[in-house]
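Colleague: Got query.pdb for you, PDB, C-alpha atoms, pLDDT in the B column:
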```pdb
ATOM      1  CA  MET A  15      13.673   0.081   5.695  1.00 35.00           C
ATOM      2  CA  GLU A  16      11.361   3.070   5.993  1.00 41.00           C
ATOM      3  CA  ALA A  17       8.056   2.758   7.858  1.00 42.00           C
ATOM      4  CA  GLN A  18       4.799   4.025   6.343  1.00 48.00           C
ATOM      5  CA  ARG A  19       1.684   5.105   8.216  1.00 51.00           C
ATOM      6  CA  TYR A  20      -1.177   3.394   6.487  1.00 51.00           C
ATOM      7  CA  GLY A  21      -4.781   4.154   7.395  1.00 51.00           C
ATOM      8  CA  ASN A  22      -7.414   1.578   6.603  1.00 48.00           C
ATOM      9  CA  THR A  23     -11.110   2.223   7.310  1.00 46.00           C
ATOM     10  CA  ILE A  24     -12.690  -0.610   9.257  1.00 43.00           C
ATOM     11  CA  GLN A  25     -15.772  -2.020   7.531  1.00 45.00           C
ATOM     12  CA  GLY A  26     -19.047  -1.071   9.197  1.00 44.00           C
ATOM     13  CA  ASP A  27     -17.414   1.518  11.461  1.00 51.00           C
ATOM     14  CA  SER A  28     -16.621   5.189  10.857  1.00 55.00           C
ATOM     15  CA  THR A  29     -13.297   5.098  12.723  1.00 54.00           C
ATOM     16  CA  VAL A  30      -9.896   4.867  11.042  1.00 54.00           C
ATOM     17  CA  GLN A  31      -7.349   2.397  12.334  1.00 56.00           C
ATOM     18  CA  THR A  32      -3.735   3.451  11.713  1.00 61.00           C
ATOM     19  CA  THR A  33      -0.911   0.935  11.703  1.00 63.00           C
ATOM     20  CA  VAL A  34       2.816   1.442  11.103  1.00 71.00           C
ATOM     21  CA  ILE A  35       4.217  -1.153   8.677  1.00 76.00           C
ATOM     22  CA  ASP A  36       7.260  -1.434   6.421  1.00 82.00           C
ATOM     23  CA  TRP A  37       7.107  -0.870   2.640  1.00 83.00           C
ATOM     24  CA  ASP A  38       7.116  -4.592   1.757  1.00 84.00           C
ATOM     25  CA  GLU A  39       4.129  -5.261   3.996  1.00 85.00           C
ATOM     26  CA  PHE A  40       2.405  -2.119   2.688  1.00 84.00           C
ATOM     27  CA  ARG A  41       2.682  -3.304  -0.935  1.00 84.00           C
ATOM     28  CA  LYS A  42       1.131  -6.659   0.026  1.00 85.00           C
ATOM     29  CA  THR A  43      -1.685  -5.138   2.127  1.00 87.00           C
ATOM     30  CA  VAL A  44      -2.839  -2.104   0.127  1.00 88.00           C
ATOM     31  CA  LYS A  45      -5.863  -2.464  -2.168  1.00 90.00           C
ATOM     32  CA  VAL A  46      -7.038  -0.426  -5.176  1.00 92.00           C
ATOM     33  CA  GLY A  47      -9.309   2.357  -3.897  1.00 92.00           C
ATOM     34  CA  ASP A  48      -7.553   2.693  -0.519  1.00 90.00           C
ATOM     35  CA  THR A  49      -6.510   6.183   0.547  1.00 87.00           C
ATOM     36  CA  ILE A  50      -3.171   7.175   2.047  1.00 84.00           C
ATOM     37  CA  SER A  51      -3.297  10.264   4.254  1.00 81.00           C
ATOM     38  CA  GLU A  52      -0.151  12.331   4.628  1.00 81.00           C
ATOM     39  CA  PRO A  53       0.150  15.652   6.473  1.00 83.00           C
ATOM     40  CA  THR A  54       0.009  17.706   3.244  1.00 89.00           C
ATOM     41  CA  ARG A  55      -1.999  15.490   0.873  1.00 88.00           C
ATOM     42  CA  THR A  56      -4.283  12.487   0.486  1.00 89.00           C
ATOM     43  CA  LEU A  57      -3.460   9.882  -2.166  1.00 89.00           C
ATOM     44  CA  THR A  58      -5.746   7.211  -3.647  1.00 91.00           C
ATOM     45  CA  VAL A  59      -4.407   3.870  -4.875  1.00 92.00           C
ATOM     46  CA  THR A  60      -5.385   3.613  -8.558  1.00 94.00           C
ATOM     47  CA  ASP A  61      -3.673   0.355  -9.568  1.00 94.00           C
ATOM     48  CA  LYS A  62      -1.634  -2.534  -8.159  1.00 93.00           C
ATOM     49  CA  VAL A  63       0.431  -4.632 -10.575  1.00 92.00           C
ATOM     50  CA  TYR A  64       2.407  -7.829  -9.917  1.00 91.00           C
ATOM     51  CA  GLU A  65       5.475  -8.417 -12.107  1.00 91.00           C
ATOM     52  CA  LEU A  66       7.655 -11.542 -12.119  1.00 91.00           C
ATOM     53  CA  THR A  67      11.399 -11.000 -11.836  1.00 90.00           C
ATOM     54  CA  ALA A  68      13.702 -12.174 -14.639  1.00 92.00           C
ATOM     55  CA  SER A  69      14.390 -15.434 -12.767  1.00 92.00           C
ATOM     56  CA  GLY A  70      10.668 -16.137 -12.408  1.00 90.00           C
ATOM     57  CA  GLN A  71      11.146 -17.059  -8.753  1.00 91.00           C
ATOM     58  CA  HIS A  72      10.054 -13.752  -7.182  1.00 88.00           C
ATOM     59  CA  PHE A  73       7.723 -10.915  -7.986  1.00 87.00           C
ATOM     60  CA  VAL A  74       7.672  -7.159  -7.616  1.00 87.00           C
ATOM     61  CA  ILE A  75       4.533  -5.262  -6.607  1.00 87.00           C
ATOM     62  CA  HIS A  76       3.987  -1.833  -8.183  1.00 89.00           C
ATOM     63  CA  VAL A  77       1.492   0.437  -6.378  1.00 89.00           C
ATOM     64  CA  TYR A  78       0.216   3.455  -8.346  1.00 91.00           C
ATOM     65  CA  VAL A  79      -1.380   6.423  -6.574  1.00 90.00           C
ATOM     66  CA  GLN A  80      -2.682   9.870  -7.489  1.00 91.00           C
TER      67      GLN A  80
END
```
In structure tokens, what does this structure look like?

Modeller:
Amino acid sequence: MEAQRYGNTIQGDSTVQTTVIDWDEFRKTVKVGDTISEPTRTLTVTDKVYELTASGQHFVIHVYVQ
């Protein structure tokens, strides 16, 4: 599984804490309005949608950015 660098601004502090997590953890942790900084661009999370699988026992998380 690929690792993603995910920066999350700590509330009440101007520093950015960067953590390396896998994609599954990223989809669970990210919130609408968060920014993702990459070397060539900065993306903002615009939507996060939960969808049940056909069996109804699991769900898929879709994260939309722009």

Colleague: Quick one: everything within 6 Å of range 48-61 of chain A, counting all atoms listed in the file, minus sequence neighbours fewer than 4 positions away in the same chain. Send it as a list in words.

Modeller: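 Counting only the stated atoms, we get Tyr78, Val79 and Gln80 of chain A.
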
Colleague: Report the distance between CA of Gln71 in chain A and CA of Lys45 in chain A in Å, rounded to one decimal place.

Modeller: 23.4 Å

Colleague: How far is it from CA of Thr67 in chain A to CA of Val34 in chain A, in Å with one decimal?

Modeller: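 Answer for the CA of Thr67 in chain A to CA of Val34 in chain A separation: 27.5 Å.
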